[in-house]
file structure.txt (compact mmCIF, C-alpha atoms)
# COMPACT_ATOMS: atom_id res chain seq x y z
CA MET Z 1 -21.42 -24.44 10.05
CA GLN Z 2 -20.49 -20.80 9.88
CA ILE Z 3 -21.84 -18.23 7.45
CA PHE Z 4 -21.62 -14.45 7.31
CA LEU Z 5 -24.96 -12.66 7.37
CA ASN Z 6 -24.91 -8.92 6.68
CA GLY Z 7 -21.30 -8.93 7.79
CA GLU Z 8 -21.97 -10.83 11.05
CA SER Z 9 -20.80 -14.36 11.73
CA ARG Z 10 -23.67 -16.85 12.29
CA ASP Z 11 -23.87 -20.56 13.01
CA VAL Z 12 -26.52 -22.43 11.03
CA ALA Z 13 -27.30 -26.12 10.64
CA SER Z 14 -25.87 -27.70 7.50
CA GLY Z 15 -28.59 -28.18 4.92
CA THR Z 16 -30.31 -24.88 5.81
CA SER Z 17 -31.96 -23.32 2.78
CA VAL Z 18 -32.00 -19.66 1.91
CA GLU Z 19 -35.77 -19.74 2.40
CA ALA Z 20 -35.43 -21.08 5.97
CA LEU Z 21 -32.87 -18.41 6.78
CA VAL Z 22 -35.08 -15.63 5.43
CA LEU Z 23 -38.04 -16.84 7.50
CA THR Z 24 -35.95 -16.41 10.67
CA LEU Z 25 -35.43 -12.75 9.70
CA ALA Z 26 -38.84 -11.61 8.49
CA ASP Z 27 -42.44 -12.83 8.73
CA ASP Z 28 -43.12 -11.42 5.31
CA PRO Z 29 -40.34 -12.10 2.82
CA ARG Z 30 -41.82 -9.73 0.24
CA GLY Z 31 -39.65 -6.71 -0.38
CA ILE Z 32 -36.50 -8.56 0.61
CA ALA Z 33 -33.58 -9.42 -1.68
CA ILE Z 34 -30.79 -11.88 -1.06
CA GLU Z 35 -27.26 -11.82 -2.37
CA ARG Z 36 -25.07 -14.88 -1.82
CA ASN Z 37 -21.36 -14.48 -2.46
CA LEU Z 38 -22.14 -11.41 -4.62
CA GLU Z 39 -24.73 -13.29 -6.72
CA ILE Z 40 -28.44 -12.53 -6.36
CA VAL Z 41 -30.52 -15.55 -5.37
CA PRO Z 42 -33.90 -15.05 -7.10
CA LYS Z 43 -36.99 -15.63 -4.93
CA ALA Z 44 -37.94 -18.67 -7.00
CA GLU Z 45 -34.66 -20.34 -5.98
CA HIS Z 46 -34.75 -19.61 -2.22
CA ARG Z 47 -36.19 -23.02 -1.38
CA GLU Z 48 -33.77 -25.12 -3.37
CA THR Z 49 -30.64 -23.09 -2.59
CA LEU Z 50 -28.78 -24.62 0.35
CA LEU Z 51 -26.28 -22.62 2.35
CA GLU Z 52 -22.66 -23.72 2.40
CA GLU Z 53 -19.83 -23.19 4.88
CA GLY Z 54 -18.37 -19.70 4.63
CA ASP Z 55 -21.20 -18.26 2.50
CA ARG Z 56 -21.45 -14.48 2.59
CA LEU Z 57 -25.05 -13.33 2.50
CA GLU Z 58 -26.54 -9.89 2.21
CA VAL Z 59 -30.20 -9.57 3.12
CA VAL Z 60 -31.61 -6.18 2.17
CA GLN Z 61 -34.92 -4.37 2.09
CA PHE Z 62 -36.33 -0.96 1.22
CA VAL Z 63 -36.03 1.79 3.82
CA GLY Z 64 -36.78 5.50 3.74
CA GLY Z 65 -34.40 7.52 1.59
CA GLY Z 66 -34.16 10.57 -0.63
CA MET A 1 -56.47 24.67 -18.86
CA THR A 2 -55.10 21.36 -20.04
CA ASP A 3 -51.64 19.95 -19.52
CA THR A 4 -50.07 16.71 -20.57
CA PRO A 5 -49.13 14.35 -17.74
CA LEU A 6 -45.52 13.70 -16.78
CA THR A 7 -44.39 10.71 -18.82
CA VAL A 8 -41.24 8.83 -17.78
CA ALA A 9 -40.23 5.67 -19.61
CA GLY A 10 -43.78 5.21 -20.89
CA ARG A 11 -45.37 5.58 -17.45
CA THR A 12 -47.61 8.58 -16.86
CA PHE A 13 -48.00 10.58 -13.65
CA GLN A 14 -50.50 13.35 -12.92
CA SER A 15 -48.25 14.74 -10.18
CA ARG A 16 -45.00 16.46 -11.12
CA LEU A 17 -43.71 16.32 -7.55
CA ILE A 18 -41.62 13.34 -6.46
CA VAL A 19 -40.82 13.08 -2.76
CA GLY A 20 -38.22 11.24 -0.73
CA THR A 21 -38.87 9.00 2.25
CA GLY A 22 -35.87 9.89 4.41
CA LYS A 23 -35.42 11.97 7.57
CA TYR A 24 -39.07 11.88 8.71
CA ALA A 25 -39.99 11.48 12.39
CA SER A 26 -41.81 8.26 11.45
CA TYR A 27 -42.93 6.29 8.40
CA ALA A 28 -46.52 7.23 9.35
CA GLN A 29 -45.69 10.95 9.12
CA ASN A 30 -43.83 10.20 5.90
CA ALA A 31 -46.93 8.63 4.36
CA ASP A 32 -49.11 11.58 5.41
CA ALA A 33 -46.62 14.02 3.88
CA ALA A 34 -46.43 12.08 0.61
CA ARG A 35 -50.23 12.13 0.38
CA ALA A 36 -50.38 15.85 1.23
CA ALA A 37 -47.83 16.49 -1.53
CA GLY A 38 -50.05 14.61 -3.97
CA ALA A 39 -47.01 12.56 -4.93
CA GLU A 40 -47.39 9.39 -6.98
CA MET A 41 -43.71 8.49 -6.98
CA VAL A 42 -41.43 8.20 -3.91
CA THR A 43 -37.72 7.53 -3.71
CA VAL A 44 -36.61 4.69 -1.44
CA ALA A 45 -33.23 3.37 -0.33
CA LEU A 46 -32.00 -0.21 0.00
CA ARG A 47 -30.28 -1.26 3.22
CA ARG A 48 -29.41 -4.37 5.20
CA VAL A 49 -32.25 -5.90 7.21
CA ASN A 50 -31.69 -5.05 10.87
CA LEU A 51 -30.74 -8.42 12.36
CA SER A 52 -30.92 -7.18 15.95
CA ASN A 53 -34.50 -5.96 15.55
CA PRO A 54 -36.30 -7.81 12.77
CA ASP A 55 -39.67 -6.50 14.00
CA GLU A 56 -38.89 -2.81 13.45
CA ASP A 57 -41.34 -0.70 11.46
CA ARG A 58 -41.12 -1.34 7.74
CA LEU A 59 -41.44 1.39 5.12
CA GLN A 60 -43.77 -0.63 2.94
CA ASP A 61 -46.30 -1.06 5.77
CA HIS A 62 -46.88 2.72 5.75
CA VAL A 63 -45.75 4.01 2.37
CA SER A 64 -47.14 1.12 0.39
CA PRO A 65 -45.82 0.23 -3.07
CA ASP A 66 -49.48 -0.35 -3.98
CA GLU A 67 -50.18 3.36 -3.34
CA PHE A 68 -46.92 4.92 -4.55
CA THR A 69 -44.51 4.03 -7.35
CA TYR A 70 -41.23 3.15 -5.63
CA LEU A 71 -38.16 4.70 -7.18
CA PRO A 72 -35.20 2.82 -5.65
CA ASN A 73 -32.11 5.00 -5.30
CA THR A 74 -28.40 4.37 -4.96
CA ALA A 75 -27.78 6.91 -2.20
CA GLY A 76 -24.51 6.18 -0.47
CA CYS A 77 -22.88 4.66 -3.57
CA PHE A 78 -19.57 6.18 -4.61
CA THR A 79 -18.70 3.93 -7.57
CA ALA A 80 -20.56 2.73 -10.64
CA ASP A 81 -20.16 -0.90 -9.54
CA GLU A 82 -21.75 -0.25 -6.12
CA ALA A 83 -24.67 1.54 -7.75
CA VAL A 84 -25.30 -1.24 -10.28
CA ARG A 85 -25.09 -3.90 -7.55
CA THR A 86 -27.55 -1.95 -5.38
CA LEU A 87 -30.12 -1.49 -8.13
CA ARG A 88 -29.96 -5.15 -9.18
CA LEU A 89 -30.82 -6.03 -5.58
CA ALA A 90 -33.58 -3.39 -5.59
CA ARG A 91 -35.07 -4.96 -8.71
CA GLU A 92 -35.01 -8.37 -7.03
CA ALA A 93 -36.60 -6.92 -3.87
CA GLY A 94 -39.34 -5.01 -5.62
CA GLY A 95 -39.56 -6.13 -9.19
CA TRP A 96 -39.23 -2.58 -10.54
CA ASP A 97 -36.94 -1.53 -13.34
CA LEU A 98 -37.56 2.24 -13.01
CA VAL A 99 -34.75 3.50 -10.77
CA LYS A 100 -32.97 6.61 -9.57
CA LEU A 101 -29.24 6.42 -10.20
CA GLU A 102 -26.90 8.59 -8.16
CA VAL A 103 -23.16 8.05 -7.83
CA LEU A 104 -21.62 10.46 -5.36
CA SER A 105 -18.12 11.84 -5.12
CA ASP A 106 -17.50 12.73 -1.47
CA GLN A 107 -19.33 12.87 1.85
CA LYS A 108 -18.95 16.61 2.30
CA THR A 109 -20.74 17.71 -0.87
CA LEU A 110 -22.46 14.50 -2.09
CA TYR A 111 -21.78 16.04 -5.49
CA PRO A 112 -22.45 13.59 -8.33
CA ASP A 113 -19.39 11.89 -9.83
CA MET A 114 -20.36 12.23 -13.47
CA GLU A 115 -17.77 9.86 -14.92
CA GLU A 116 -18.95 7.02 -12.67
CA THR A 117 -22.60 8.06 -13.15
CA LEU A 118 -22.31 7.77 -16.94
CA LYS A 119 -20.58 4.39 -16.64
CA ALA A 120 -23.29 3.07 -14.30
CA ALA A 121 -26.05 4.43 -16.56
CA LYS A 122 -24.66 2.50 -19.55
CA ASP A 123 -24.39 -0.75 -17.54
CA LEU A 124 -27.92 -0.40 -16.11
CA ILE A 125 -29.54 0.43 -19.43
CA ALA A 126 -27.78 -2.56 -21.02
CA ASP A 127 -29.29 -4.66 -18.20
CA GLY A 128 -32.84 -3.47 -18.94
CA PHE A 129 -33.28 -0.70 -16.36
CA GLU A 130 -35.12 2.57 -16.96
CA VAL A 131 -32.74 5.09 -15.44
CA MET A 132 -33.69 8.44 -13.94
CA VAL A 133 -30.34 10.00 -13.26
CA TYR A 134 -29.20 12.46 -10.60
CA CYS A 135 -26.55 14.64 -12.18
CA SER A 136 -24.65 17.88 -12.04
CA ASP A 137 -26.15 20.90 -13.83
CA ASP A 138 -23.57 20.51 -16.62
CA PRO A 139 -25.45 20.54 -19.96
CA VAL A 140 -22.68 18.53 -21.66
CA TYR A 141 -22.94 15.59 -19.28
CA ALA A 142 -26.73 15.90 -19.29
CA ARG A 143 -26.67 15.38 -23.05
CA LYS A 144 -24.33 12.40 -22.75
CA LEU A 145 -26.66 10.80 -20.22
CA GLU A 146 -29.61 11.32 -22.52
CA ASP A 147 -27.65 9.97 -25.49
CA VAL A 148 -26.93 6.67 -23.68
CA GLY A 149 -30.66 6.27 -23.04
CA CYS A 150 -31.52 7.69 -19.61
CA ALA A 151 -35.28 8.06 -19.05
CA ALA A 152 -35.05 11.35 -17.13
CA ILE A 153 -32.31 13.88 -16.46
CA MET A 154 -32.27 15.09 -12.84
CA PRO A 155 -29.82 17.92 -12.27
CA LEU A 156 -29.22 19.33 -8.81
CA GLY A 157 -30.53 22.78 -7.91
CA SER A 158 -27.88 22.86 -5.17
CA LEU A 159 -26.25 20.29 -2.89
CA ILE A 160 -28.37 17.45 -1.44
CA GLY A 161 -30.04 18.52 1.79
CA SER A 162 -28.69 22.08 1.57
CA GLY A 163 -31.97 23.90 0.94
CA LEU A 164 -30.09 26.55 -1.04
CA GLY A 165 -32.47 26.55 -3.99
CA ILE A 166 -31.48 26.73 -7.65
CA GLN A 167 -27.98 28.14 -7.76
CA ASN A 168 -27.55 28.07 -11.53
CA PRO A 169 -30.90 28.71 -13.25
CA LEU A 170 -29.13 29.40 -16.54
CA ASN A 171 -27.73 25.86 -16.70
CA ILE A 172 -31.05 24.33 -15.68
CA ARG A 173 -32.68 26.26 -18.51
CA LEU A 174 -30.02 25.11 -21.01
CA ILE A 175 -30.62 21.48 -19.98
CA VAL A 176 -34.40 21.93 -20.33
CA GLU A 177 -34.01 23.40 -23.82
CA GLN A 178 -31.77 20.63 -25.14
CA SER A 179 -33.48 17.60 -23.56
CA ARG A 180 -36.06 15.35 -25.20
CA VAL A 181 -36.64 13.35 -22.01
CA PRO A 182 -38.11 14.82 -18.80
CA VAL A 183 -35.88 17.13 -16.76
CA ILE A 184 -36.52 17.00 -13.03
CA VAL A 185 -34.68 19.23 -10.53
CA ASP A 186 -33.43 16.89 -7.83
CA ALA A 187 -31.85 18.28 -4.65
CA GLY A 188 -31.47 21.75 -3.24
CA VAL A 189 -35.09 22.85 -2.96
CA GLY A 190 -35.56 24.61 0.38
CA THR A 191 -38.98 26.18 0.19
CA ALA A 192 -41.99 26.53 -2.08
CA SER A 193 -40.59 29.35 -4.23
CA ASP A 194 -37.61 27.15 -5.19
CA ALA A 195 -39.98 24.48 -6.49
CA ALA A 196 -42.00 27.08 -8.37
CA GLN A 197 -38.81 28.48 -9.90
CA ALA A 198 -37.77 25.04 -11.15
CA MET A 199 -41.12 24.63 -12.86
CA GLU A 200 -41.06 28.17 -14.27
CA LEU A 201 -37.71 27.33 -15.87
CA GLY A 202 -39.57 24.64 -17.80
CA CYS A 203 -38.61 21.59 -15.80
CA ASP A 204 -40.99 18.65 -16.05
CA GLY A 205 -40.94 17.95 -12.33
CA VAL A 206 -39.21 18.42 -8.99
CA LEU A 207 -37.82 15.83 -6.58
CA MET A 208 -37.31 16.78 -2.94
CA ASN A 209 -36.94 15.24 0.48
CA THR A 210 -35.38 17.44 3.17
CA ALA A 211 -37.42 20.57 2.36
CA ILE A 212 -40.53 18.70 3.48
CA ALA A 213 -39.08 16.33 6.09
CA GLU A 214 -37.19 19.02 7.99
CA ALA A 215 -39.88 21.71 7.84
CA LYS A 216 -41.38 22.58 11.23
CA ASP A 217 -44.68 21.21 9.92
CA PRO A 218 -43.87 18.66 7.22
CA ILE A 219 -47.49 18.03 6.25
CA ARG A 220 -48.16 21.72 5.70
CA MET A 221 -44.92 22.12 3.72
CA ALA A 222 -45.88 19.12 1.58
CA THR A 223 -49.13 20.90 0.74
CA ALA A 224 -47.20 24.10 -0.03
CA MET A 225 -44.89 22.19 -2.38
CA LYS A 226 -47.84 20.64 -4.18
CA HIS A 227 -49.26 24.11 -4.85
CA ALA A 228 -45.84 25.53 -5.76
CA VAL A 229 -45.21 22.87 -8.40
CA ILE A 230 -48.67 23.41 -9.89
CA ALA A 231 -48.27 27.21 -9.79
CA GLY A 232 -44.83 27.10 -11.38
CA ARG A 233 -45.99 24.74 -14.09
CA GLU A 234 -49.05 26.90 -14.88
CA ALA A 235 -46.88 30.04 -14.98
CA TYR A 236 -44.47 28.32 -17.38
CA LEU A 237 -47.32 27.22 -19.65
CA ALA A 238 -48.95 30.66 -19.43
CA GLY A 239 -45.73 32.37 -20.52
CA ARG A 240 -44.46 35.21 -18.38
CA MET A 241 -44.58 38.88 -19.44
CA GLY A 242 -41.50 40.53 -20.78
CA ARG A 243 -39.10 42.26 -18.41
CA LYS A 244 -38.93 46.07 -18.72
CA ARG A 245 -36.45 48.46 -17.24
CA TYR A 246 -38.98 51.20 -16.49
CA ALA A 247 -42.55 51.52 -15.25
CA ASP A 248 -45.50 50.86 -17.54
CA PRO A 249 -48.75 52.13 -15.96
CA SER A 250 -51.58 49.66 -15.60
CA SER A 251 -54.27 52.40 -15.50
CA PRO A 252 -55.19 54.40 -18.65
CA LEU A 253 -53.35 57.67 -19.20
CA ALA A 254 -56.36 59.15 -21.01
CA GLY A 255 -59.19 60.79 -19.01
CA LEU A 256 -57.04 61.89 -16.07
CA ILE A 257 -58.75 64.71 -14.10
call {"tool": "encode", "arguments": {"input": "structure.txt", "output": "C-alpha cells"}}
result
Amino acid sequence: MQIFLNGESRDVASGTSVEALVLTLADDPRGIAIERNLEIVPKAEHRETLLEEGDRLEVVQFVGGG
Amino acid sequence: MTDTPLTVAGRTFQSRLIVGTGKYASYAQNADAARAAGAEMVTVALRRVNLSNPDEDRLQDHVSPDEFTYLPNTAGCFTADEAVRTLRLAREAGGWDLVKLEVLSDQKTLYPDMEETLKAAKDLIADGFEVMVYCSDDPVYARKLEDVGCAAIMPLGSLIGSGLGIQNPLNIRLIVEQSRVPVIVDAGVGTASDAAQAMELGCDGVLMNTAIAEAKDPIRMATAMKHAVIAGREAYLAGRMGRKRYADPSSPLAGLI
C-alpha cells in the first residue's frame, strides 16, 4: 500500500507498524517524533499503531538551528 | 562578588549566554564552540529526517542533550499554527517543555510577527509549555507577552543574522525596567561589545548564533562572548559612573609644582 513519508510517496506492506517504519529510518529512535495525518503518535503507541493506505507521515528530529 | 543565577521557568543556569547550533562547519565544531562559550542552553531546530541519507551526522551525537539544555525553536514558522505544531513535535521528540517561540513575518527581514507570536504564546502556555519568546523591541507587546505568561522575553537587538548590534538600546532598557521575567537579547549581536552592551543595559542574558558561527575563529569568538557577557553583567551590577560634559581630573589639584 502507498503512504506519504515526509512528502514522498512510499510503498509499504500492509500491517506495517509505525515502530517498524521508524526502525528503517534510524538505528536509534530517540530524538525522533512522528506525526500521522497531523496527529502526533506518542512513542508508547509506535508498536501498536498500524499504518493505513494513504497515511501522511512526518518524521522529524532535532538539527542545528539558531 | 556574588550574583544570582539566571532563572527561567524555575530552572537555574550559571551561564547567561545561550548559543545557537546553526551555520557551523560541523556539529563537532559546534560542540566545541558551545563549550568555549560556557553555554548551558542551546537552541535547536526541528526538521524532517533525511530519508536519502539516514546515516548523516546527528546533532545529539555531538551536542548532547545530556550536556546542554535543548531549547527547541520554531525558526521558519510564519504562522501561530505552524509554530504550535512544531513545538508539540519537539516536545514529543525530546520531552522538553521549555521552548523558544518565534513566528516570523517575511524572509527578507525575519522580523517577528507579533500578532501571531502572541496567539501562539497563549496556545502553547495553555498546553503546558514554558515559552521563551523572540519578539520585537516594542515594550507594549513585550508586556502583553509577559501578561499571558511567557517565561522569558527575548527582544531582537537587530535583525536575525545581521550582526548590527543593538539598534534601539532605549527600548531594550524600557523592556528591562518593566519586566518581572528574564529579558534576553536574541538576535543582532555581531561582536563581543554588543553582548556586553546588552548586559550593561540590564538584560538577564544574551542569545546568539551567527556572531560565533560565522566568526573567522568560532571557538575564539565563543570565548570572547563568554567574557563579554560576564563583563557586561559585572559592569551592570557595579553601576556605571555618571556621564559628565567636561573633564574631571583624576590626579589631585593640590600640591602641583
call {"tool": "interface_residues", "arguments": {"input": "structure.txt", "of": "chain A", "to": "chain Z", "cutoff": "10 Å", "atoms": "all atoms listed in the file", "output": "ChimeraX atom specification"}}
result
/A:18-24,26-27,30,42-55,57-60,63,65,70-75,85-86,88-95,100,160-161,186-187,207-210
call {"tool": "closest_residue", "arguments": {"input": "structure.txt", "among": "A:Arg16, A:His62, A:Ala213, A:Ala80", "to": "Thr4 of chain A", "atoms": "only C-alpha atoms"}}
result
A:Arg16
call {"tool": "atom_distance", "arguments": {"input": "structure.txt", "atom1": "atom CA of Met41 of chain A", "atom2": "atom CA of Leu156 of chain A"}}
result
18.2 Å
call {"tool": "residues_around", "arguments": {"input": "structure.txt", "residues": "segment 189-194 of chain A", "least_positions_apart": "5", "cutoff": "6 Å", "atoms": "only C-alpha atoms", "output": "NGL selection string"}}
result
:A and (163-165 or 211 or 225 or 228)
call {"tool": "closest_residue", "arguments": {"input": "structure.txt", "among": "A:Phe68, A:Trp96, A:Tyr134, A:Tyr236", "to": "Met154 of chain A", "atoms": "all atoms listed in the file"}}
result
A:Tyr134
call {"tool": "closest_residue", "arguments": {"input": "structure.txt", "among": "A:Leu118, A:Val206, A:Cys77, A:Val185", "to": "Ala37 of chain A", "atoms": "all atoms listed in the file"}}
result
A:Val206
call {"tool": "closest_residue", "arguments": {"input": "structure.txt", "among": "Z:Asp28, Z:Ser14, Z:Ile3, Z:Ser9", "to": "Asp55 of chain Z", "atoms": "all atoms listed in the file"}}
result
Z:Ile3
call {"tool": "closest_residue", "arguments": {"input": "structure.txt", "among": "A:Cys203, A:Leu98, A:Val131, A:Val183", "to": "Leu237 of chain A", "atoms": "only C-alpha atoms"}}
result
A:Cys203
call {"tool": "build_atoms", "arguments": {"input": "structure.txt", "residues": "segment 9-20 of chain A", "atoms": "all heavy atoms", "output": "PDB file, in the coordinates of the input"}}
result
ATOM      1  N   ALA A   9     -40.382   7.057 -19.160  1.00  0.00           N
ATOM      2  CA  ALA A   9     -40.230   5.670 -19.610  1.00  0.00           C
ATOM      3  C   ALA A   9     -41.583   5.007 -19.889  1.00  0.00           C
ATOM      4  O   ALA A   9     -41.815   3.859 -19.507  1.00  0.00           O
ATOM      5  CB  ALA A   9     -39.430   4.866 -18.577  1.00  0.00           C
ATOM      6  N   GLY A  10     -42.488   5.769 -20.496  1.00  0.00           N
ATOM      7  CA  GLY A  10     -43.780   5.210 -20.890  1.00  0.00           C
ATOM      8  C   GLY A  10     -44.815   5.184 -19.779  1.00  0.00           C
ATOM      9  O   GLY A  10     -45.963   4.827 -20.007  1.00  0.00           O
ATOM     10  N   ARG A  11     -44.414   5.538 -18.553  1.00  0.00           N
ATOM     11  CA  ARG A  11     -45.370   5.580 -17.450  1.00  0.00           C
ATOM     12  C   ARG A  11     -45.824   7.025 -17.267  1.00  0.00           C
ATOM     13  O   ARG A  11     -45.010   7.940 -17.346  1.00  0.00           O
ATOM     14  CB  ARG A  11     -44.726   5.095 -16.151  1.00  0.00           C
ATOM     15  CG  ARG A  11     -44.230   3.648 -16.199  1.00  0.00           C
ATOM     16  CD  ARG A  11     -43.413   3.383 -14.934  1.00  0.00           C
ATOM     17  NE  ARG A  11     -43.012   1.997 -14.779  1.00  0.00           N
ATOM     18  CZ  ARG A  11     -41.896   1.470 -15.298  1.00  0.00           C
ATOM     19  NH1 ARG A  11     -41.083   2.198 -16.008  1.00  0.00           N
ATOM     20  NH2 ARG A  11     -41.593   0.208 -15.099  1.00  0.00           N
ATOM     21  N   THR A  12     -47.118   7.219 -17.008  1.00  0.00           N
ATOM     22  CA  THR A  12     -47.610   8.580 -16.860  1.00  0.00           C
ATOM     23  C   THR A  12     -47.983   8.872 -15.407  1.00  0.00           C
ATOM     24  O   THR A  12     -48.465   8.003 -14.678  1.00  0.00           O
ATOM     25  CB  THR A  12     -48.846   8.835 -17.754  1.00  0.00           C
ATOM     26  OG1 THR A  12     -49.856   7.897 -17.399  1.00  0.00           O
ATOM     27  CG2 THR A  12     -48.498   8.685 -19.216  1.00  0.00           C
ATOM     28  N   PHE A  13     -47.732  10.122 -15.018  1.00  0.00           N
ATOM     29  CA  PHE A  13     -48.000  10.580 -13.650  1.00  0.00           C
ATOM     30  C   PHE A  13     -48.715  11.916 -13.719  1.00  0.00           C
ATOM     31  O   PHE A  13     -48.279  12.813 -14.446  1.00  0.00           O
ATOM     32  CB  PHE A  13     -46.690  10.716 -12.873  1.00  0.00           C
ATOM     33  CG  PHE A  13     -45.893   9.437 -12.791  1.00  0.00           C
ATOM     34  CD1 PHE A  13     -44.919   9.146 -13.750  1.00  0.00           C
ATOM     35  CD2 PHE A  13     -46.128   8.516 -11.786  1.00  0.00           C
ATOM     36  CE1 PHE A  13     -44.194   7.960 -13.693  1.00  0.00           C
ATOM     37  CE2 PHE A  13     -45.402   7.331 -11.721  1.00  0.00           C
ATOM     38  CZ  PHE A  13     -44.430   7.057 -12.676  1.00  0.00           C
ATOM     39  N   GLN A  14     -49.796  12.061 -12.960  1.00  0.00           N
ATOM     40  CA  GLN A  14     -50.500  13.350 -12.920  1.00  0.00           C
ATOM     41  C   GLN A  14     -49.714  14.354 -12.078  1.00  0.00           C
ATOM     42  O   GLN A  14     -49.754  15.547 -12.331  1.00  0.00           O
ATOM     43  CB  GLN A  14     -51.916  13.172 -12.341  1.00  0.00           C
ATOM     44  CG  GLN A  14     -52.804  12.253 -13.181  1.00  0.00           C
ATOM     45  CD  GLN A  14     -52.899  12.675 -14.647  1.00  0.00           C
ATOM     46  OE1 GLN A  14     -53.069  13.851 -14.949  1.00  0.00           O
ATOM     47  NE2 GLN A  14     -52.769  11.721 -15.561  1.00  0.00           N
ATOM     48  N   SER A  15     -49.021  13.856 -11.048  1.00  0.00           N
ATOM     49  CA  SER A  15     -48.250  14.740 -10.180  1.00  0.00           C
ATOM     50  C   SER A  15     -46.836  14.925 -10.738  1.00  0.00           C
ATOM     51  O   SER A  15     -46.209  13.965 -11.186  1.00  0.00           O
ATOM     52  CB  SER A  15     -48.149  14.157  -8.767  1.00  0.00           C
ATOM     53  OG  SER A  15     -47.246  14.924  -7.995  1.00  0.00           O
ATOM     54  N   ARG A  16     -46.359  16.153 -10.673  1.00  0.00           N
ATOM     55  CA  ARG A  16     -45.000  16.460 -11.120  1.00  0.00           C
ATOM     56  C   ARG A  16     -44.053  16.608  -9.932  1.00  0.00           C
ATOM     57  O   ARG A  16     -42.933  17.102 -10.078  1.00  0.00           O
ATOM     58  CB  ARG A  16     -45.007  17.721 -11.984  1.00  0.00           C
ATOM     59  CG  ARG A  16     -45.720  17.495 -13.306  1.00  0.00           C
ATOM     60  CD  ARG A  16     -45.850  18.740 -14.143  1.00  0.00           C
ATOM     61  NE  ARG A  16     -46.517  18.421 -15.403  1.00  0.00           N
ATOM     62  CZ  ARG A  16     -45.891  17.952 -16.483  1.00  0.00           C
ATOM     63  NH1 ARG A  16     -44.591  17.788 -16.473  1.00  0.00           N
ATOM     64  NH2 ARG A  16     -46.562  17.660 -17.578  1.00  0.00           N
ATOM     65  N   LEU A  17     -44.522  16.220  -8.767  1.00  0.00           N
ATOM     66  CA  LEU A  17     -43.710  16.320  -7.550  1.00  0.00           C
ATOM     67  C   LEU A  17     -43.388  14.905  -7.056  1.00  0.00           C
ATOM     68  O   LEU A  17     -44.280  14.106  -6.792  1.00  0.00           O
ATOM     69  CB  LEU A  17     -44.498  17.099  -6.485  1.00  0.00           C
ATOM     70  CG  LEU A  17     -43.892  17.216  -5.089  1.00  0.00           C
ATOM     71  CD1 LEU A  17     -42.481  17.783  -5.141  1.00  0.00           C
ATOM     72  CD2 LEU A  17     -44.788  18.094  -4.219  1.00  0.00           C
ATOM     73  N   ILE A  18     -42.094  14.624  -6.980  1.00  0.00           N
ATOM     74  CA  ILE A  18     -41.620  13.340  -6.460  1.00  0.00           C
ATOM     75  C   ILE A  18     -41.009  13.620  -5.093  1.00  0.00           C
ATOM     76  O   ILE A  18     -40.255  14.584  -4.944  1.00  0.00           O
ATOM     77  CB  ILE A  18     -40.551  12.730  -7.399  1.00  0.00           C
ATOM     78  CG1 ILE A  18     -41.107  12.595  -8.819  1.00  0.00           C
ATOM     79  CG2 ILE A  18     -40.066  11.384  -6.870  1.00  0.00           C
ATOM     80  CD1 ILE A  18     -40.032  12.297  -9.872  1.00  0.00           C
ATOM     81  N   VAL A  19     -41.349  12.811  -4.093  1.00  0.00           N
ATOM     82  CA  VAL A  19     -40.820  13.080  -2.760  1.00  0.00           C
ATOM     83  C   VAL A  19     -39.994  11.910  -2.246  1.00  0.00           C
ATOM     84  O   VAL A  19     -40.213  10.761  -2.610  1.00  0.00           O
ATOM     85  CB  VAL A  19     -41.945  13.413  -1.748  1.00  0.00           C
ATOM     86  CG1 VAL A  19     -42.686  14.674  -2.167  1.00  0.00           C
ATOM     87  CG2 VAL A  19     -42.909  12.250  -1.580  1.00  0.00           C
ATOM     88  N   GLY A  20     -39.053  12.251  -1.368  1.00  0.00           N
ATOM     89  CA  GLY A  20     -38.220  11.240  -0.730  1.00  0.00           C
ATOM     90  C   GLY A  20     -38.910  10.664   0.483  1.00  0.00           C
ATOM     91  O   GLY A  20     -39.975  11.136   0.909  1.00  0.00           O
TER      92      GLY A  20
END
